[in-house]
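> There's a structure below that I have some questions on.
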Amino acid sequence: MSQPMIRARKLTKSYLRGGETLTVLDGLDLDMDEGRFYALMGPSGSGKTTLLNLIGGLDQADEGDLVVAGADLAALDSSALARWRAANVGFVFQGFNLIPVLTAQENVELPLSLSPLSRKERREHARYALKLVGLDGREDHRPGQLSGGQEQRVAIARAIASDPKVLLADEPTGDLDRKSADQVLELLLRLNVEFKKTILMVTHDPHAAAYAGFTVHLDKGQLGCIETNPPRAVAARV
Amino acid sequence: MFNFKLVRRYLGKHLVRSLLTVASLMVALFLLCLLQAIVVSLDAGVRGAKRDRLIVQSAVSLFVDLPLNYQQKIGAVDGVESICKWQYFGGHFQDDEKGYFAQFATDFDTLFACYPEIEVVEGSKEALLADRTACIVGKSLADRLGWKLGDSIPLEATFFAKPDGSAWDFKLAATYRPTSTAMDGGMMFFRWDYLEETVKATRGETPGTGTYVFRTRAGADQAPIAATVEALFENGPQRVSCSTEAAFQAQFVSMYGNLPFFVSAIGGGVLVAIVLACINTMLMAFREQLHDAGILKAVGFTDGSVATLMLAQSLVLCGIGGFAGIGLAKLTEPVMQLMLTRFGVPYEVPAETVALASALTISIGLVAGVVPAWRARQLRVVEALRSVE
Ligand SMILES: Nc1ncnc2c1ncn2[C@@H]1O[C@H](COP(=O)(O)OP(=O)(O)OP(=O)(O)O)[C@@H](O)[C@H]1O
Ligand SMILES: [Mg+2]
């Protein structure tokens with residue numbers, strides 16, 4: 001078996017709060033294979049966002065090993081980590097996190113501006129990504145002129161624009177109505193099935209989790225075993 | 001990887017604030033250039049003074065005249081080359097509002113010998129010698145008052161008022177332009193013999209002269225020459241003081257009191273105020289962009305490039321305002337020249353002022369941008385993303 005896409009060993013992260021140490025991740029082990037779609041569930045405050053941020057290289061663990069897409073994250077300094085993020089992970093947040101002063105097209109081009117692509121190539125890639133999420137024709141809209149569901153799809157387009165191996169989504173449907181949420185989930189599923197993206201999606205919603213091939217629970221700083229979701233759920237929706 | 005579009009969009013997002021900041025910088029830098037230019041020009045007479053010229057005046061006061069036979073005696077001193085008279089006339093042309101300017105009685109041949117920087121641009125030296133009432137005025141002065149060659153210029157006299165109160169008449173025979181900015185380009189010179197004969201005829205007395213100016217032989221040591229001249233008249237009838245042109249000019253600058261210092265202090269105050277305002281603007285911008293900075297970092301922008309984005313906004317904002325102010329100062333040069341030459345102050349925004357103002361503009365941009373840039377650099381993604389927009 002080849003190296004898993006995400007591999008954590010004895011991962012520990014604690015926060016200092018009011019003089020007390022709050023251990024959020026307590027020696028957590030994790031193996032996630034390439035090309036799979038995982039749903040990460042757990043009670044509020046259990047550390048799901050914390051774990052996602054560590055995997056995405058937005059924050060550093062206190063202890064333990066973490067290898068994502070072949071890189072030992074603890075060994076990278078801040079700018080190396082930034083470059084690694086640009087090339088290897090795409091983020092989708094609950095609050096969309098688009099840059100309000102940029103158009104949809106420009107938001108999607110943002111990570112591409114860090115790549116060696118030419119201006120023309122960047123524009124084409126961004127257009128393609130927007131088309132993929134069903135937003136062709138909305139290229140010149142600012143985030144403020146889009147609905148929540150559309151904003152989230154722009155965010156997904158941005159996350160996939162530089163063709164990263166890993167997509168990390170933190171409650172991507174948390175702020176959306178059912179219909180928009182379903183569109184976003186279909187999209188993630190399609191990215192997994194068609195484009196073989198490894199996806200880790202935090203969610204509270206079992207309906208959303210059912211889109212993923214696997215579900216894993218985080219509680220008390222430890223990860224439960226990885227459950228395989230009924231395949232018909234996946235098959236039925238593709 | 002630097003994103004200029006973002007700089008533009010952020011500045012454009014708060015257009016009114018950006019424009020106000022630009023405007024305040026523009027006004028401040030304009031004022032700084034103006035004040036600095038005035039200080040420089042007040043100082044120009046001193047710094048631009050010809051090394052080889054010495055000035056003789058009464059040891060008592062500038063307002064005490066010297067006898068006419070001094071000219072020959074001073075001229076005979078070893079090392080003195082050419083010598084000319086300068087007698088202040090103190091006349092008024094119509095209403096002073098429109099045109100105060102200084103007039104001096106002198107002998108043209110000796111004046112030109114002592115002042116090679118007086119360049120005749122219209123008319124000729126011959127024309128000046130041909131007519132007893134002939135005068136030469138600065139080209140800028142003639143342009144300002146709309147005088148043409150051959151025009152008659154009536155002046156109301158003060159010290160040299162005629163008994164019947166009638167005006168003195170002068171004929172414009174030439175105009176000059178100084179080849180050095182240290183020399184006032186808005187003066188009027190007329191013939192000594194005209195003054196002397198008229199005063200003699202109307203008052204029955206021979207006028208004296210306020211000052212003598214002489215050039216020393218090239219390479220001559222001036223201190224002993226000045227000492228010899230002063231010693232000549234040690235026992236009267238009028239004791240004299242002989243000083244370099246720079247020292248002579250300096251006494252006029254000190255007549256403005258501590259104006260240069262005062263002006264610099266105001267300039268410094270303006271500068272501090274504007275720097276504080278710019279820092280405030282940039283800190284505000286930083287707070288607004290905190291969340292975005294987190295997004296940029298999450299997407300893969302490095303700490304350095306996010307910091308550069310902040311700094312660039314500050315530099316662009318301050319740069320536009322500052323350079324607009326400097327440009328305005330340069331652009332209004334002719335107008336200011338016109339307004340100030342009537343006070344006898346030559347005006348020009350010198351290259352060194354432009355350079356200093358440019359350096360200040362960039363420094364303000366850096367100072368205002370460095371704190372937000374540093375904070376943007378240190379910003380942790382996780383915290384930035386948690387912050388609400
Ligand atoms: N920067 C921080 N400083 C202090 N405590 C923090 C910090 N970030 C997170 N925590 C705490 O760590 C715990 C885990 O937070 P985290 O956001 O990872 O939980 P979560 O599982 O994503 O919760 P939710 O489902 O509500 O999003 C919480 O108790 C939170 O208060
Ligand atoms: Mg969370």
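Labels for the structure tokens follow display order: chains A, B, ..., residues from 1 in each chain, ligands from 1.
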Return as a list in words every polymer residue, whether protein, DNA or RNA, with at least one atom no more than 6 Å from an atom of ligand 1; count only C-alpha atoms and all ligand atoms.

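Using only C-alpha atoms and all ligand atoms, everything at most 6 Å from ligand 1 comes to Tyr15, Leu16, Arg17, Val24, Pro43, Ser44, Gly45, Ser46, Gly47, Lys48, Thr49 and Thr50 of chain A.
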
> Output as an NGL selection string the set of chain B residues within 7 Å of chain A, with distances taken over only C-alpha atoms.

:B and (1 or 9-10 or 292 or 295 or 297-303 or 381-382)

> Residues near Leu11 (chain A), anyone? I mean within 9 Å using only C-alpha atoms, not counting same-chain ones fewer than 5 positions away, as a PDB file with N, CA, C and O atoms, in the first residue's frame.


ATOM      1  N   LEU A  25      -6.143  18.250  20.897  1.00  0.00           N
ATOM      2  CA  LEU A  25      -5.775  16.998  20.232  1.00  0.00           C
ATOM      3  C   LEU A  25      -4.738  16.323  21.115  1.00  0.00           C
ATOM      4  O   LEU A  25      -3.740  16.926  21.479  1.00  0.00           O
ATOM      5  N   ASP A  26      -5.017  15.075  21.461  1.00  0.00           N
ATOM      6  CA  ASP A  26      -4.198  14.429  22.481  1.00  0.00           C
ATOM      7  C   ASP A  26      -3.565  13.152  21.926  1.00  0.00           C
ATOM      8  O   ASP A  26      -4.077  12.064  22.126  1.00  0.00           O
ATOM      9  N   GLY A  27      -2.487  13.311  21.196  1.00  0.00           N
ATOM     10  CA  GLY A  27      -1.781  12.155  20.651  1.00  0.00           C
ATOM     11  C   GLY A  27      -2.578  11.418  19.594  1.00  0.00           C
ATOM     12  O   GLY A  27      -2.687  10.191  19.608  1.00  0.00           O
ATOM     13  N   LEU A  28      -3.118  12.183  18.690  1.00  0.00           N
ATOM     14  CA  LEU A  28      -4.027  11.625  17.685  1.00  0.00           C
ATOM     15  C   LEU A  28      -3.274  10.948  16.529  1.00  0.00           C
ATOM     16  O   LEU A  28      -2.277  11.444  16.042  1.00  0.00           O
ATOM     17  N   ASP A  29      -3.771   9.773  16.135  1.00  0.00           N
ATOM     18  CA  ASP A  29      -3.214   9.079  14.964  1.00  0.00           C
ATOM     19  C   ASP A  29      -4.240   9.109  13.847  1.00  0.00           C
ATOM     20  O   ASP A  29      -5.443   9.048  14.104  1.00  0.00           O
ATOM     21  N   LEU A  30      -3.750   9.201  12.623  1.00  0.00           N
ATOM     22  CA  LEU A  30      -4.679   9.351  11.504  1.00  0.00           C
ATOM     23  C   LEU A  30      -4.023   8.887  10.219  1.00  0.00           C
ATOM     24  O   LEU A  30      -2.859   9.172   9.962  1.00  0.00           O
ATOM     25  N   ALA A  61       1.382  21.974  14.989  1.00  0.00           N
ATOM     26  CA  ALA A  61       1.115  21.114  16.146  1.00  0.00           C
ATOM     27  C   ALA A  61       2.186  21.329  17.213  1.00  0.00           C
ATOM     28  O   ALA A  61       3.281  21.790  16.925  1.00  0.00           O
ATOM     29  N   ASP A  62       1.830  21.005  18.443  1.00  0.00           N
ATOM     30  CA  ASP A  62       2.820  21.097  19.519  1.00  0.00           C
ATOM     31  C   ASP A  62       3.795  19.926  19.434  1.00  0.00           C
ATOM     32  O   ASP A  62       4.985  20.075  19.612  1.00  0.00           O
ATOM     33  N   GLU A  63       3.202  18.761  19.191  1.00  0.00           N
ATOM     34  CA  GLU A  63       4.023  17.555  19.116  1.00  0.00           C
ATOM     35  C   GLU A  63       3.455  16.614  18.078  1.00  0.00           C
ATOM     36  O   GLU A  63       2.301  16.765  17.664  1.00  0.00           O
ATOM     37  N   GLY A  64       4.245  15.629  17.722  1.00  0.00           N
ATOM     38  CA  GLY A  64       3.756  14.605  16.794  1.00  0.00           C
ATOM     39  C   GLY A  64       4.213  14.865  15.373  1.00  0.00           C
ATOM     40  O   GLY A  64       4.750  15.925  15.054  1.00  0.00           O
ATOM     41  N   ASP A  65       3.977  13.850  14.539  1.00  0.00           N
ATOM     42  CA  ASP A  65       4.362  13.953  13.130  1.00  0.00           C
ATOM     43  C   ASP A  65       3.125  14.133  12.282  1.00  0.00           C
ATOM     44  O   ASP A  65       2.082  13.537  12.542  1.00  0.00           O
ATOM     45  N   LEU A  66       3.271  14.932  11.264  1.00  0.00           N
ATOM     46  CA  LEU A  66       2.161  15.130  10.347  1.00  0.00           C
ATOM     47  C   LEU A  66       2.732  15.233   8.941  1.00  0.00           C
ATOM     48  O   LEU A  66       3.477  16.155   8.627  1.00  0.00           O
TER      49      LEU A  66
END

> As a ChimeraX atom specification, which residues of region 177-257 of chain B does DSSP assign to strand (DSSP E or B)?

/B:177-178,188-191,209,211-216,240-244

> Please produce an output containing C-alpha atoms for each residue in the selection, written as a compact mmCIF listing (two decimals), in the first residue's frame.


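The resulting selection-v3.txt:
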# COMPACT_ATOMS: atom_id res chain seq x y z
CA ARG B 177 17.76 89.29 -16.07
CA PRO B 178 20.19 88.15 -13.37
CA MET B 188 15.48 99.37 -11.03
CA PHE B 189 18.73 101.25 -11.62
CA PHE B 190 19.04 104.76 -12.97
CA ARG B 191 21.78 107.24 -13.57
CA THR B 209 25.63 107.73 -1.53
CA THR B 211 26.95 102.40 -0.17
CA TYR B 212 29.90 101.67 -2.38
CA VAL B 213 30.42 98.24 -3.82
CA PHE B 214 33.79 97.19 -5.18
CA ARG B 215 35.37 94.11 -6.64
CA THR B 216 38.76 92.93 -5.52
CA VAL B 240 32.96 103.35 7.31
CA SER B 241 32.52 99.67 7.74
CA CYS B 242 33.63 97.38 4.94
CA SER B 243 32.13 93.91 4.78
CA THR B 244 31.83 91.05 2.37

> Using the chain letters and numbers from this document, which residues of region 5-113 of chain B does DSSP assign to alpha helix (DSSP H), as a VMD selection string?

chain B and resid 5 to 13 15 to 47 70 to 75 96 to 99 108 to 113

> Using only C-alpha atoms and all ligand atoms for the distances, tell me which of B:Ala265, B:Cys318, B:Leu385, B:Leu360 is nearest to ligand 2.

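So, comparing all the options, the nearest one is B:Leu385.
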
> What gap, in Å, lies between CA of Asp163 (chain A) and CA of Val67 (chain A)?

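Taking CA of Asp163 (chain A) as the start and CA of Val67 (chain A) as the end point, the length is 19.1 Å.
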
> Between A:Met32, A:Ile226, A:Met5, A:Leu40, single out the one closest to ligand 2, counting only C-alpha atoms and all ligand atoms.

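For ligand 2, the nearest of the candidates is A:Leu40.
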
> Quick one: residues within 10 Å of Leu132 (chain A), only C-alpha atoms counted, chain neighbours fewer than 3 positions away excluded, as a PDB file with N, CA and C atoms, in the first residue's frame?


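out_27.pdb written:
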ATOM      1  N   ALA A 126      -8.988  29.840 -14.331  1.00  0.00           N
ATOM      2  CA  ALA A 126     -10.021  30.361 -13.439  1.00  0.00           C
ATOM      3  C   ALA A 126     -11.398  30.225 -14.080  1.00  0.00           C
ATOM      4  N   ARG A 127     -11.464  30.523 -15.380  1.00  0.00           N
ATOM      5  CA  ARG A 127     -12.738  30.398 -16.090  1.00  0.00           C
ATOM      6  C   ARG A 127     -13.230  28.953 -16.068  1.00  0.00           C
ATOM      7  N   TYR A 128     -12.290  28.063 -16.280  1.00  0.00           N
ATOM      8  CA  TYR A 128     -12.623  26.646 -16.293  1.00  0.00           C
ATOM      9  C   TYR A 128     -13.160  26.220 -14.929  1.00  0.00           C
ATOM     10  N   ALA A 129     -12.465  26.663 -13.870  1.00  0.00           N
ATOM     11  CA  ALA A 129     -12.890  26.296 -12.517  1.00  0.00           C
ATOM     12  C   ALA A 129     -14.285  26.849 -12.227  1.00  0.00           C
ATOM     13  N   LEU A 135     -20.754  28.415 -12.501  1.00  0.00           N
ATOM     14  CA  LEU A 135     -20.897  29.862 -12.340  1.00  0.00           C
ATOM     15  C   LEU A 135     -20.389  30.638 -13.546  1.00  0.00           C
ATOM     16  N   ASP A 136     -20.368  29.965 -14.734  1.00  0.00           N
ATOM     17  CA  ASP A 136     -19.951  30.739 -15.901  1.00  0.00           C
ATOM     18  C   ASP A 136     -20.973  31.831 -16.132  1.00  0.00           C
ATOM     19  N   ARG A 153     -19.573  28.308  -3.932  1.00  0.00           N
ATOM     20  CA  ARG A 153     -19.083  27.618  -5.125  1.00  0.00           C
ATOM     21  C   ARG A 153     -17.879  28.357  -5.717  1.00  0.00           C
ATOM     22  N   ILE A 156     -15.084  27.178  -3.746  1.00  0.00           N
ATOM     23  CA  ILE A 156     -14.640  25.845  -4.179  1.00  0.00           C
ATOM     24  C   ILE A 156     -13.810  25.963  -5.462  1.00  0.00           C
ATOM     25  N   ALA A 157     -14.261  26.836  -6.367  1.00  0.00           N
ATOM     26  CA  ALA A 157     -13.494  27.060  -7.597  1.00  0.00           C
ATOM     27  C   ALA A 157     -12.094  27.550  -7.253  1.00  0.00           C
ATOM     28  N   ILE A 160      -9.906  24.701  -5.957  1.00  0.00           N
ATOM     29  CA  ILE A 160      -9.421  23.710  -6.925  1.00  0.00           C
ATOM     30  C   ILE A 160      -8.622  24.330  -8.063  1.00  0.00           C
ATOM     31  N   LEU A 187     -21.093  18.925  -5.699  1.00  0.00           N
ATOM     32  CA  LEU A 187     -19.871  19.422  -6.323  1.00  0.00           C
ATOM     33  C   LEU A 187     -18.645  18.751  -5.714  1.00  0.00           C
ATOM     34  N   ARG A 190     -18.419  15.236  -6.811  1.00  0.00           N
ATOM     35  CA  ARG A 190     -17.950  15.139  -8.188  1.00  0.00           C
ATOM     36  C   ARG A 190     -16.433  15.351  -8.271  1.00  0.00           C
ATOM     37  N   LEU A 191     -15.941  16.298  -7.484  1.00  0.00           N
ATOM     38  CA  LEU A 191     -14.499  16.559  -7.465  1.00  0.00           C
ATOM     39  C   LEU A 191     -13.741  15.335  -6.971  1.00  0.00           C
TER      40      LEU A 191
END
